[in-house]
Every structure is written in C-alpha cells, then in structure tokens.
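Beneath this line is the structure, given in structure tokens, with notes to follow.
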Amino acid sequence: MKNLRIKTLAFILATCGLGVSAQTTFEEISADLNKAGGVYLAYPKVEAKQTPAPKGYKPFYVSHYGRHGSRYLLGDRDYLWIIQLMQKADSVNGLTPLGKDVLKRLTLVWQEVQGRAGDLTPLGVRQHQGIAERMTKNFPEVFRGKRSVSARSTVVYRCAMSMAAFGDRLKGLNPQLDISYEMSEKYMSYLNYHTNRSNAFTHGEKGPWVEEYRKFEEQQVKPDRLVSTLFSNADFIRCEVNPNNLMWGLYWIAVDMQDIETPVSFYDIFTAREMFDLWQCVNYRFYIGNANPLASKGIVMANAKSLVENIIESADAAIKDRSIAATLRFGHDGNVIPLLALLQIENFDVAVAGPSEVYKHWCDFKATPMASNVQIVFFENKKGDVLVKFLHNEKEVHIPVKTDNWPYYHWNEVRDYYQKRLAGM
C-alpha cells in the first residue's frame, strides 16, 4: 500500500506539476535581490534541456507569445523627481554621506536613461536575439528552407523593437525565411485584450480588492529607516520628503538596474526584508490585475480568450499549409500572465484570496520576467499524427491534459480541451 501511494504521488507530480515553481520564499528572494523586482527580473539564463521527440516525430511549426525584453522605467520623471529632491536636500546640507553617494549614483544613471522612458534596453535586444537563436538550435527543421513566419506586435514601440530583434536574428540564421512584420491596432483584439468587466474588477481605485490591499501595503511599507539613512535634516524631511513615495521610487530604480547598461546598484540602501515586503505588494497587484484571483471568478484570466483562439486558429492553418514555420506574437506582462492561467500551465491559474497568501502560491517573476515567453512546438510523424509540447521561458511544462509521454501531448486532445474551456467562459 505504501509503494502504491508513492507511485500515485509520483504520477500526479509528473502529470500535473502541482505548480511548485510558482511558489517563492523570503530565502529565495534574499539570496537574489533581483527577483524582488518581480516583472523587472531580467530574463533568466536558460539551462533546461529539451526532451527528444518520440521516435519518428519531427518539429514543423512553432506558436509563440513573448513579452518585450528589458526596458527602462516608464517615465523620465521616475528618476528625475528623486534626483531633484536629493539635490535640493544637498543644497541645504541635508544629505548623509550615504545620501550624497546615492545622489552621485543617480546622476550617473541619469546619463543613460534620460529620454529613453519605456524604451527597450540593449539587454532587451540581446534577450530576444538569444531566444531566437535557441529556437533555431532546438528546432532546426522548422526554419529550414523557404518558409514563412508571421511576426506581430502590440502598438508599443518596445514590443515592436523586440519583434525586430527576434526576427532579424531568426532571419540571420535562416536566410531563406520570409518574415512579415506588423505593428497594428488590427491585432490588439488578441495581442493585448481586456474586457470592461475585467477592467472594473482590476481598477486601482475602485476595484473590490483595493481597501484590503491598502491596509496590507500600510503594514508592508516601512520607509523611516531608509529615509533616515539618506537625509540628515529633520526639518527637510518633515517639509519636503514623502517617505512612502521615496521608498517606492528608489525601489523601482533599484530593481530596474539589472535591465540597463550602467553598472550601478542601489540594493545596499535596502534590507532584504524591506525588498521582500515591497515585492509582496507588487506581486499581489500583478496577481490581482492579470491572473486568476479567487474573487474575480475567472474574468481576469478570460482576457486571454481571444489570444488562445488565435493560437488554435493559427495552428490549424499551419497544419494545413506547411509553408508556415512560425507565428510570433509580442506583447506585455499583462498578456503573458492571463495566458499562463487560461492554459493552466503548471499552477499559474491558482485562485487565492488575501494579499498575504498570494506569494505562497503565485509569483510574478516566475510567470513573466522581462522577455518571458510561451512556445507551443508542433511535431509530426509520417502517419500525420501531431504532437505538441509547451515551453514557458524555454522550459518544458505541464498542462492538465492526459499524456503517456510527457512533455508531449496529442494536439487533437489539447485542442479539444481548450476549445471546451473557452466555450465555458
């Protein structure tokens, strides 16, 4: 009986994954403070290996959705107001030695970031070039010869630049490919879609979760220690400094440094506990806004419905027309997260209530770091049987469809499963 229980548990773990990868801990984040940046985490190094396809099966098509690569903060103001505040304090001898040093570092960073708000960084370009290289290396048969690739992005420039970096590298490695590039409102209905019901639920001021979150954030954000290490003039602090705003502003700058070129860090001004507590707030807001929170009853996750429909339609077209090598789509973290949930990849569809519980079950930097992606790779044998496997950030993952040969699933069964799931939304 004991051996039977062990075998049963092993089967469940193998087929469902239990979403262990979606959990995180204080120890994990304190060991690598870049992870405290959540969705600002630079794309992790890919170390996972691909499981060989079953005998007789070869890849012929890749369906892809990718987030833009590493970027700068969304506004020049995100840097400038803190620089100006600290310059003002310095003019009245109101900075500590650490504060003066932080101001020097910020001034150095400003030289790179000024005028580049929201832009793709050089690292973001390299991330997508690397993903394209590994896609070619892992599935060379897909891109061999005169085949076509459709590449479409949202109307945000960093997404289009990510698409260009990816496509240019793909073309460089496979010169005969015919790649069509489009950045158009025409495709926003599935590349970046949000329903009115979802928007009402996720609204940052009127959503039903806001008051509970406000109290949670009050408990998590404790800026007084940080402020006292940077500013030495109590009158200046009282009259000029909003401690909460300052802590959040420095947090965003600190976590984005991993995404830019200037080799400067600001983690030394925070404790690991402060970073973890701030991250919990960010993680919860991304969960509420994009995943499958219990109170949403699935309406947030359903934002990916049109995207999954497009994935199925595009795959059907590629199965009929073997000149099609790949469908590439480029968007945002707020699109990758509901896609993971709707596809039920690992445990990213977990439904949790309560801001203090979310990090134990769901993690933003594991869902969608910079350049995060979902790939569905299609394989076929000579009999015409089509198998697929799912990759999340280039790692093989589980979906809740039965298979006797993970990570490979029969496409007809996968297609039927998701069509039934869509019909119930």
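Just so we're on the same page: first chain in the structure tokens is A, next is B, and so on; residues restart at 1 for each chain, and ligands are numbered from 1 in the order they show up.
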Closest pair table for stretch 163-184 of chain A residues within 12 Å of stretch 132-141 of chain A, only C-alpha atoms, as a Markdown table:
| residue | atom | partner | partner_atom | distance |
| --- | --- | --- | --- | --- |
| A:Met163 | CA | A:Ala132 | CA | 10.2 |
| A:Ala164 | CA | A:Ala132 | CA | 10.9 |
| A:Ala165 | CA | A:Ala132 | CA | 8.7 |
| A:Phe166 | CA | A:Ala132 | CA | 5.5 |
| A:Gly167 | CA | A:Ala132 | CA | 7.5 |
| A:Asp168 | CA | A:Ala132 | CA | 8.9 |
| A:Arg169 | CA | A:Ala132 | CA | 6.3 |
| A:Leu170 | CA | A:Ala132 | CA | 5.6 |
| A:Lys171 | CA | A:Ala132 | CA | 9.4 |
| A:Gly172 | CA | A:Glu133 | CA | 9.5 |
| A:Leu173 | CA | A:Glu133 | CA | 7.6 |
| A:Asn174 | CA | A:Thr136 | CA | 8.3 |
| A:Leu177 | CA | A:Thr136 | CA | 11.8 |
Take the residues that were just selected and, keeping all heavy atoms, output them as a compact mmCIF listing (two decimals), in the first residue's frame.
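Printed below is again_11.txt as written:
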# COMPACT_ATOMS: atom_id res chain seq x y z
N MET A 163 10.28 42.49 -31.37
CA MET A 163 9.94 41.70 -32.56
C MET A 163 11.04 41.80 -33.61
O MET A 163 11.45 40.79 -34.20
CB MET A 163 8.60 42.18 -33.13
CG MET A 163 8.21 41.54 -34.44
SD MET A 163 6.56 42.08 -35.02
CE MET A 163 6.85 43.83 -35.34
N ALA A 164 11.54 43.01 -33.83
CA ALA A 164 12.59 43.20 -34.84
C ALA A 164 13.87 42.49 -34.44
O ALA A 164 14.53 41.86 -35.29
CB ALA A 164 12.85 44.70 -35.03
N ALA A 165 14.24 42.58 -33.16
CA ALA A 165 15.46 41.91 -32.69
C ALA A 165 15.34 40.40 -32.87
O ALA A 165 16.28 39.73 -33.32
CB ALA A 165 15.71 42.26 -31.22
N PHE A 166 14.18 39.87 -32.52
CA PHE A 166 13.93 38.43 -32.64
C PHE A 166 13.96 38.00 -34.11
O PHE A 166 14.66 37.06 -34.49
CB PHE A 166 12.57 38.11 -32.02
CG PHE A 166 12.31 36.66 -31.77
CD1 PHE A 166 12.25 36.17 -30.47
CD2 PHE A 166 12.11 35.76 -32.81
CE1 PHE A 166 12.00 34.83 -30.22
CE2 PHE A 166 11.85 34.43 -32.57
CZ PHE A 166 11.80 33.96 -31.26
N GLY A 167 13.19 38.72 -34.92
CA GLY A 167 13.07 38.34 -36.33
C GLY A 167 14.37 38.50 -37.09
O GLY A 167 14.71 37.66 -37.93
N ASP A 168 15.11 39.56 -36.81
CA ASP A 168 16.39 39.77 -37.50
C ASP A 168 17.38 38.65 -37.21
O ASP A 168 18.10 38.19 -38.10
CB ASP A 168 16.99 41.11 -37.10
CG ASP A 168 16.30 42.29 -37.76
OD1 ASP A 168 15.39 42.06 -38.58
OD2 ASP A 168 16.64 43.44 -37.43
N ARG A 169 17.40 38.20 -35.96
CA ARG A 169 18.31 37.10 -35.62
C ARG A 169 17.85 35.81 -36.26
O ARG A 169 18.66 35.01 -36.75
CB ARG A 169 18.39 36.94 -34.10
CG ARG A 169 19.49 35.96 -33.65
CD ARG A 169 20.84 36.47 -34.09
NE ARG A 169 21.89 35.51 -33.79
CZ ARG A 169 22.87 35.22 -34.63
NH1 ARG A 169 22.93 35.81 -35.83
NH2 ARG A 169 23.81 34.36 -34.29
N LEU A 170 16.54 35.58 -36.27
CA LEU A 170 15.99 34.38 -36.90
C LEU A 170 16.33 34.36 -38.39
O LEU A 170 16.75 33.33 -38.93
CB LEU A 170 14.48 34.36 -36.69
CG LEU A 170 13.75 33.02 -36.75
CD1 LEU A 170 14.27 32.08 -35.67
CD2 LEU A 170 12.26 33.24 -36.59
N LYS A 171 16.19 35.51 -39.02
CA LYS A 171 16.49 35.63 -40.46
C LYS A 171 17.98 35.47 -40.72
O LYS A 171 18.39 34.85 -41.71
CB LYS A 171 16.02 37.00 -40.96
CG LYS A 171 16.31 37.28 -42.43
CD LYS A 171 15.37 36.57 -43.36
CE LYS A 171 15.53 37.07 -44.79
NZ LYS A 171 14.63 36.39 -45.73
N GLY A 172 18.80 36.02 -39.82
CA GLY A 172 20.24 35.89 -39.98
C GLY A 172 20.72 34.45 -39.93
O GLY A 172 21.67 34.08 -40.63
N LEU A 173 20.05 33.66 -39.13
CA LEU A 173 20.42 32.25 -39.01
C LEU A 173 19.74 31.38 -40.07
O LEU A 173 20.22 30.28 -40.35
CB LEU A 173 20.03 31.73 -37.62
CG LEU A 173 20.79 32.35 -36.45
CD1 LEU A 173 20.13 31.98 -35.12
CD2 LEU A 173 22.25 31.91 -36.45
N ASN A 174 18.65 31.90 -40.65
CA ASN A 174 17.88 31.15 -41.65
C ASN A 174 17.52 32.09 -42.80
O ASN A 174 16.38 32.57 -42.90
CB ASN A 174 16.61 30.58 -41.02
CG ASN A 174 16.88 29.78 -39.75
OD1 ASN A 174 17.21 28.60 -39.79
ND2 ASN A 174 16.74 30.43 -38.59
N LEU A 177 14.13 32.37 -44.90
CA LEU A 177 12.82 32.65 -44.29
C LEU A 177 12.21 33.91 -44.85
O LEU A 177 12.90 34.90 -45.10
CB LEU A 177 12.96 32.79 -42.76
CG LEU A 177 13.19 31.53 -41.94
CD1 LEU A 177 13.31 31.90 -40.47
CD2 LEU A 177 12.07 30.51 -42.15
Hey, what's within 7 Å of stretch 121-128 of chain A if we count only C-alpha atoms and toss same-chain stuff fewer than 3 positions away? As a ChimeraX atom specification, please? /A:43,69-72,131-132,162,165-166,259-260,371
To one decimal place in Å, what is the distance between atom CA of A:Ser91 and atom CA of A:Val227?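 Between atom CA of A:Ser91 and atom CA of A:Val227 the gap works out to 17.2 Å.
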Please provide the set of residues having any atom within 8 Å of A:Ser180, restricted to only C-alpha atoms, with same-chain residues fewer than 4 positions apart removed, written as a PyMOL selection string. chain A and resi 148-151
A:Glu309 surroundings by only C-alpha atoms, 10 Å radius, close-in-sequence under 5 positions cut, as a list in words: Tyr190, Ala304, Ser314, Ala315, Tyr418, Gln419 and Leu422 of chain A
Find the residues near A:Asn245: any atom within 12 Å, counting only C-alpha atoms, skip ones fewer than 5 places away on the same chain, and give them as a VMD selection string. chain A and resid 78 81 to 82 85 221 to 224 226 to 227 240 250 to 252
Write out as an mmCIF file with N, CA, C and O atoms, in the first residue's frame the set of residues from stretch 258-371 of chain A that DSSP, computed on the backbone, places in helix (DSSP H, G or I).
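Contents of part.cif, as written:
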data_model
loop_
_atom_site.group_PDB
_atom_site.id
_atom_site.type_symbol
_atom_site.label_atom_id
_atom_site.label_comp_id
_atom_site.auth_asym_id
_atom_site.auth_seq_id
_atom_site.Cartn_x
_atom_site.Cartn_y
_atom_site.Cartn_z
ATOM 1 N N GLN A 258 19.111 46.067 -13.156
ATOM 2 C CA GLN A 258 19.516 44.814 -13.795
ATOM 3 C C GLN A 258 19.183 44.798 -15.283
ATOM 4 O O GLN A 258 19.695 43.955 -16.023
ATOM 5 N N ASP A 259 18.327 45.730 -15.721
ATOM 6 C CA ASP A 259 17.854 45.738 -17.105
ATOM 7 C C ASP A 259 18.578 46.750 -17.982
ATOM 8 O O ASP A 259 18.335 46.795 -19.190
ATOM 9 N N TYR A 267 20.843 48.343 -4.156
ATOM 10 C CA TYR A 267 20.324 47.388 -3.187
ATOM 11 C C TYR A 267 20.887 47.611 -1.791
ATOM 12 O O TYR A 267 20.270 47.206 -0.800
ATOM 13 N N ASP A 268 22.057 48.255 -1.713
ATOM 14 C CA ASP A 268 22.676 48.453 -0.397
ATOM 15 C C ASP A 268 21.878 49.390 0.502
ATOM 16 O O ASP A 268 22.079 49.398 1.717
ATOM 17 N N ILE A 269 20.961 50.170 -0.065
ATOM 18 C CA ILE A 269 20.195 51.105 0.778
ATOM 19 C C ILE A 269 18.944 50.453 1.368
ATOM 20 O O ILE A 269 18.253 51.057 2.179
ATOM 21 N N ALA A 272 17.114 43.194 3.076
ATOM 22 C CA ALA A 272 16.455 42.118 2.331
ATOM 23 C C ALA A 272 14.979 42.019 2.713
ATOM 24 O O ALA A 272 14.121 41.775 1.858
ATOM 25 N N ARG A 273 14.664 42.243 3.974
ATOM 26 C CA ARG A 273 13.276 42.179 4.411
ATOM 27 C C ARG A 273 12.446 43.284 3.774
ATOM 28 O O ARG A 273 11.300 43.066 3.364
ATOM 29 N N GLU A 274 13.022 44.482 3.672
ATOM 30 C CA GLU A 274 12.300 45.579 3.020
ATOM 31 C C GLU A 274 12.007 45.250 1.565
ATOM 32 O O GLU A 274 10.895 45.482 1.076
ATOM 33 N N MET A 275 12.996 44.695 0.877
ATOM 34 C CA MET A 275 12.794 44.336 -0.524
ATOM 35 C C MET A 275 11.716 43.260 -0.656
ATOM 36 O O MET A 275 10.863 43.320 -1.550
ATOM 37 N N PHE A 276 11.747 42.294 0.230
ATOM 38 C CA PHE A 276 10.756 41.224 0.181
ATOM 39 C C PHE A 276 9.355 41.757 0.461
ATOM 40 O O PHE A 276 8.387 41.385 -0.219
ATOM 41 N N ASP A 277 9.241 42.657 1.430
ATOM 42 C CA ASP A 277 7.937 43.214 1.770
ATOM 43 C C ASP A 277 7.378 44.082 0.641
ATOM 44 O O ASP A 277 6.181 44.038 0.340
ATOM 45 N N LEU A 278 8.239 44.870 0.013
ATOM 46 C CA LEU A 278 7.799 45.665 -1.133
ATOM 47 C C LEU A 278 7.382 44.760 -2.282
ATOM 48 O O LEU A 278 6.359 44.989 -2.941
ATOM 49 N N TRP A 279 8.184 43.726 -2.518
ATOM 50 C CA TRP A 279 7.855 42.797 -3.605
ATOM 51 C C TRP A 279 6.509 42.134 -3.381
ATOM 52 O O TRP A 279 5.748 41.930 -4.334
ATOM 53 N N GLN A 280 6.182 41.792 -2.140
ATOM 54 C CA GLN A 280 4.882 41.172 -1.891
ATOM 55 C C GLN A 280 3.733 42.065 -2.360
ATOM 56 O O GLN A 280 2.740 41.571 -2.908
ATOM 57 N N CYS A 281 3.885 43.366 -2.156
ATOM 58 C CA CYS A 281 2.853 44.301 -2.626
ATOM 59 C C CYS A 281 2.749 44.271 -4.142
ATOM 60 O O CYS A 281 1.647 44.199 -4.712
ATOM 61 N N VAL A 282 3.895 44.339 -4.800
ATOM 62 C CA VAL A 282 3.925 44.332 -6.266
ATOM 63 C C VAL A 282 3.368 43.018 -6.800
ATOM 64 O O VAL A 282 2.561 42.987 -7.741
ATOM 65 N N ASN A 283 3.800 41.917 -6.213
ATOM 66 C CA ASN A 283 3.365 40.596 -6.644
ATOM 67 C C ASN A 283 1.846 40.470 -6.540
ATOM 68 O O ASN A 283 1.180 39.950 -7.448
ATOM 69 N N TYR A 284 1.287 40.967 -5.449
ATOM 70 C CA TYR A 284 -0.170 40.885 -5.259
ATOM 71 C C TYR A 284 -0.904 41.703 -6.310
ATOM 72 O O TYR A 284 -1.912 41.257 -6.869
ATOM 73 N N ARG A 285 -0.412 42.895 -6.581
ATOM 74 C CA ARG A 285 -1.097 43.743 -7.565
ATOM 75 C C ARG A 285 -1.055 43.116 -8.963
ATOM 76 O O ARG A 285 -2.026 43.197 -9.713
ATOM 77 N N PHE A 286 0.057 42.490 -9.319
ATOM 78 C CA PHE A 286 0.120 41.821 -10.616
ATOM 79 C C PHE A 286 -0.794 40.603 -10.640
ATOM 80 O O PHE A 286 -1.398 40.294 -11.676
ATOM 81 N N TYR A 287 -0.887 39.921 -9.523
ATOM 82 C CA TYR A 287 -1.787 38.774 -9.449
ATOM 83 C C TYR A 287 -3.236 39.211 -9.614
ATOM 84 O O TYR A 287 -3.986 38.655 -10.420
ATOM 85 N N ILE A 288 -3.631 40.228 -8.854
ATOM 86 C CA ILE A 288 -4.998 40.742 -8.941
ATOM 87 C C ILE A 288 -5.297 41.250 -10.349
ATOM 88 O O ILE A 288 -6.368 41.021 -10.918
ATOM 89 N N GLY A 289 -4.356 41.956 -10.943
ATOM 90 C CA GLY A 289 -4.589 42.633 -12.211
ATOM 91 C C GLY A 289 -4.552 41.755 -13.433
ATOM 92 O O GLY A 289 -5.100 42.126 -14.487
ATOM 93 N N ASN A 290 -3.947 40.549 -13.306
ATOM 94 C CA ASN A 290 -3.705 39.787 -14.534
ATOM 95 C C ASN A 290 -3.919 38.288 -14.436
ATOM 96 O O ASN A 290 -4.016 37.630 -15.469
ATOM 97 N N LEU A 294 -9.208 34.660 -6.675
ATOM 98 C CA LEU A 294 -10.444 33.957 -6.335
ATOM 99 C C LEU A 294 -11.675 34.830 -6.533
ATOM 100 O O LEU A 294 -12.685 34.395 -7.097
ATOM 101 N N ALA A 295 -11.592 36.085 -6.102
ATOM 102 C CA ALA A 295 -12.759 36.972 -6.172
ATOM 103 C C ALA A 295 -13.140 37.350 -7.600
ATOM 104 O O ALA A 295 -14.259 37.799 -7.853
ATOM 105 N N SER A 296 -12.229 37.170 -8.543
ATOM 106 C CA SER A 296 -12.512 37.570 -9.930
ATOM 107 C C SER A 296 -13.414 36.588 -10.655
ATOM 108 O O SER A 296 -13.976 36.904 -11.710
ATOM 109 N N MET A 301 -8.562 36.241 -15.987
ATOM 110 C CA MET A 301 -7.919 35.214 -16.791
ATOM 111 C C MET A 301 -8.524 35.141 -18.190
ATOM 112 O O MET A 301 -7.821 34.880 -19.179
ATOM 113 N N ALA A 302 -9.808 35.407 -18.289
ATOM 114 C CA ALA A 302 -10.509 35.315 -19.577
ATOM 115 C C ALA A 302 -10.054 36.367 -20.573
ATOM 116 O O ALA A 302 -10.413 36.287 -21.755
ATOM 117 N N ASN A 303 -9.253 37.340 -20.141
ATOM 118 C CA ASN A 303 -8.705 38.314 -21.091
ATOM 119 C C ASN A 303 -7.856 37.636 -22.165
ATOM 120 O O ASN A 303 -7.654 38.193 -23.243
ATOM 121 N N ALA A 304 -7.365 36.437 -21.879
ATOM 122 C CA ALA A 304 -6.538 35.719 -22.855
ATOM 123 C C ALA A 304 -7.365 34.855 -23.801
ATOM 124 O O ALA A 304 -6.793 34.148 -24.639
ATOM 125 N N LYS A 305 -8.676 34.915 -23.691
ATOM 126 C CA LYS A 305 -9.523 34.038 -24.505
ATOM 127 C C LYS A 305 -9.286 34.239 -25.999
ATOM 128 O O LYS A 305 -9.090 33.270 -26.746
ATOM 129 N N SER A 306 -9.281 35.486 -26.441
ATOM 130 C CA SER A 306 -9.090 35.737 -27.878
ATOM 131 C C SER A 306 -7.695 35.344 -28.332
ATOM 132 O O SER A 306 -7.498 34.939 -29.490
ATOM 133 N N LEU A 307 -6.715 35.436 -27.441
ATOM 134 C CA LEU A 307 -5.354 35.019 -27.783
ATOM 135 C C LEU A 307 -5.283 33.505 -27.969
ATOM 136 O O LEU A 307 -4.684 33.015 -28.942
ATOM 137 N N VAL A 308 -5.917 32.757 -27.085
ATOM 138 C CA VAL A 308 -5.914 31.301 -27.224
ATOM 139 C C VAL A 308 -6.684 30.891 -28.481
ATOM 140 O O VAL A 308 -6.283 29.957 -29.191
ATOM 141 N N GLU A 309 -7.757 31.603 -28.778
ATOM 142 C CA GLU A 309 -8.474 31.324 -30.027
ATOM 143 C C GLU A 309 -7.575 31.542 -31.228
ATOM 144 O O GLU A 309 -7.575 30.739 -32.178
ATOM 145 N N ASN A 310 -6.781 32.601 -31.196
ATOM 146 C CA ASN A 310 -5.849 32.870 -32.295
ATOM 147 C C ASN A 310 -4.775 31.800 -32.385
ATOM 148 O O ASN A 310 -4.366 31.402 -33.491
ATOM 149 N N ILE A 311 -4.307 31.329 -31.236
ATOM 150 C CA ILE A 311 -3.305 30.263 -31.221
ATOM 151 C C ILE A 311 -3.845 29.013 -31.900
ATOM 152 O O ILE A 311 -3.166 28.383 -32.727
ATOM 153 N N ILE A 312 -5.086 28.654 -31.591
ATOM 154 C CA ILE A 312 -5.693 27.466 -32.192
ATOM 155 C C ILE A 312 -5.919 27.659 -33.688
ATOM 156 O O ILE A 312 -5.590 26.787 -34.508
ATOM 157 N N GLU A 313 -6.458 28.810 -34.062
ATOM 158 C CA GLU A 313 -6.709 29.086 -35.484
ATOM 159 C C GLU A 313 -5.409 29.093 -36.288
ATOM 160 O O GLU A 313 -5.348 28.541 -37.395
ATOM 161 N N SER A 314 -4.382 29.707 -35.745
ATOM 162 C CA SER A 314 -3.094 29.776 -36.447
ATOM 163 C C SER A 314 -2.468 28.400 -36.576
ATOM 164 O O SER A 314 -1.865 28.070 -37.609
ATOM 165 N N ALA A 315 -2.617 27.585 -35.541
ATOM 166 C CA ALA A 315 -2.078 26.230 -35.602
ATOM 167 C C ALA A 315 -2.804 25.398 -36.656
ATOM 168 O O ALA A 315 -2.176 24.652 -37.426
ATOM 169 N N ASP A 316 -4.121 25.524 -36.696
ATOM 170 C CA ASP A 316 -4.888 24.798 -37.713
ATOM 171 C C ASP A 316 -4.434 25.189 -39.119
ATOM 172 O O ASP A 316 -4.314 24.339 -40.010
ATOM 173 N N ALA A 317 -4.173 26.492 -39.299
ATOM 174 C CA ALA A 317 -3.713 26.963 -40.615
ATOM 175 C C ALA A 317 -2.343 26.391 -40.951
ATOM 176 O O ALA A 317 -2.081 25.995 -42.100
ATOM 177 N N ALA A 318 -1.455 26.326 -39.955
ATOM 178 C CA ALA A 318 -0.099 25.822 -40.194
ATOM 179 C C ALA A 318 -0.094 24.324 -40.468
ATOM 180 O O ALA A 318 0.745 23.822 -41.215
ATOM 181 N N ILE A 319 -1.023 23.607 -39.874
ATOM 182 C CA ILE A 319 -1.118 22.166 -40.129
ATOM 183 C C ILE A 319 -1.570 21.913 -41.566
ATOM 184 O O ILE A 319 -1.118 20.969 -42.231
ATOM 185 N N LYS A 320 -2.435 22.796 -42.083
ATOM 186 C CA LYS A 320 -2.909 22.648 -43.464
ATOM 187 C C LYS A 320 -1.890 23.178 -44.477
ATOM 188 O O LYS A 320 -1.759 22.643 -45.574
ATOM 189 N N ASP A 333 3.645 41.898 -20.072
ATOM 190 C CA ASP A 333 3.462 41.003 -18.927
ATOM 191 C C ASP A 333 1.986 40.747 -18.653
ATOM 192 O O ASP A 333 1.593 39.640 -18.286
ATOM 193 N N GLY A 334 1.160 41.788 -18.837
ATOM 194 C CA GLY A 334 -0.268 41.659 -18.594
ATOM 195 C C GLY A 334 -0.987 40.787 -19.598
ATOM 196 O O GLY A 334 -2.206 40.574 -19.485
ATOM 197 N N ASN A 335 -0.262 40.275 -20.588
ATOM 198 C CA ASN A 335 -0.828 39.318 -21.540
ATOM 199 C C ASN A 335 -0.280 37.921 -21.310
ATOM 200 O O ASN A 335 -0.993 36.932 -21.462
ATOM 201 N N VAL A 336 0.984 37.835 -20.920
ATOM 202 C CA VAL A 336 1.575 36.530 -20.621
ATOM 203 C C VAL A 336 0.895 35.905 -19.401
ATOM 204 O O VAL A 336 0.597 34.704 -19.385
ATOM 205 N N ILE A 337 0.636 36.713 -18.370
ATOM 206 C CA ILE A 337 0.083 36.179 -17.122
ATOM 207 C C ILE A 337 -1.294 35.529 -17.328
ATOM 208 O O ILE A 337 -1.496 34.376 -16.917
ATOM 209 N N PRO A 338 -2.265 36.199 -17.950
ATOM 210 C CA PRO A 338 -3.550 35.514 -18.167
ATOM 211 C C PRO A 338 -3.451 34.342 -19.133
ATOM 212 O O PRO A 338 -4.222 33.382 -19.030
ATOM 213 N N LEU A 339 -2.505 34.402 -20.063
ATOM 214 C CA LEU A 339 -2.312 33.268 -20.975
ATOM 215 C C LEU A 339 -1.868 32.040 -20.195
ATOM 216 O O LEU A 339 -2.384 30.934 -20.413
ATOM 217 N N LEU A 340 -0.920 32.212 -19.284
ATOM 218 C CA LEU A 340 -0.474 31.096 -18.451
ATOM 219 C C LEU A 340 -1.636 30.529 -17.644
ATOM 220 O O LEU A 340 -1.762 29.312 -17.484
ATOM 221 N N ALA A 341 -2.481 31.429 -17.124
ATOM 222 C CA ALA A 341 -3.603 30.992 -16.303
ATOM 223 C C ALA A 341 -4.652 30.258 -17.129
ATOM 224 O O ALA A 341 -5.143 29.200 -16.734
ATOM 225 N N LEU A 342 -4.997 30.817 -18.281
ATOM 226 C CA LEU A 342 -6.042 30.191 -19.100
ATOM 227 C C LEU A 342 -5.572 28.833 -19.631
ATOM 228 O O LEU A 342 -6.342 27.872 -19.664
ATOM 229 N N LEU A 343 -4.295 28.752 -20.022
ATOM 230 C CA LEU A 343 -3.753 27.479 -20.492
ATOM 231 C C LEU A 343 -3.514 26.509 -19.340
ATOM 232 O O LEU A 343 -3.234 25.327 -19.574
ATOM 233 N N VAL A 358 -0.751 35.306 -1.291
ATOM 234 C CA VAL A 358 -0.502 35.108 -2.709
ATOM 235 C C VAL A 358 0.914 34.608 -2.990
ATOM 236 O O VAL A 358 1.106 33.677 -3.782
ATOM 237 N N TYR A 359 1.922 35.199 -2.351
ATOM 238 C CA TYR A 359 3.295 34.830 -2.687
ATOM 239 C C TYR A 359 3.595 33.358 -2.397
ATOM 240 O O TYR A 359 4.538 32.791 -2.963
ATOM 241 N N LYS A 360 2.795 32.741 -1.533
ATOM 242 C CA LYS A 360 2.996 31.330 -1.209
ATOM 243 C C LYS A 360 2.531 30.414 -2.343
ATOM 244 O O LYS A 360 2.860 29.226 -2.350
ATOM 245 N N ASP A 364 5.193 36.533 -9.554
ATOM 246 C CA ASP A 364 5.250 37.295 -10.804
ATOM 247 C C ASP A 364 6.543 37.093 -11.571
ATOM 248 O O ASP A 364 6.533 36.948 -12.792
ATOM 249 N N PHE A 365 7.688 37.045 -10.884
ATOM 250 C CA PHE A 365 8.948 36.937 -11.632
ATOM 251 C C PHE A 365 9.139 35.557 -12.235
ATOM 252 O O PHE A 365 9.925 35.392 -13.173
ATOM 253 N N LYS A 366 8.407 34.564 -11.735
ATOM 254 C CA LYS A 366 8.444 33.251 -12.360
ATOM 255 C C LYS A 366 7.457 33.174 -13.519
ATOM 256 O O LYS A 366 7.668 32.433 -14.477
ATOM 257 N N ALA A 367 6.398 33.956 -13.425
ATOM 258 C CA ALA A 367 5.419 33.993 -14.512
ATOM 259 C C ALA A 367 5.954 34.785 -15.696
ATOM 260 O O ALA A 367 5.930 34.319 -16.833
#
Tell me which protein, DNA and RNA residues are within 10 Å of A:Trp209, counting only C-alpha atoms, leaving out same-chain ones fewer than 3 positions away, and put them as a ChimeraX atom specification. /A:201-206,212-214,285,288,295-296,353-355
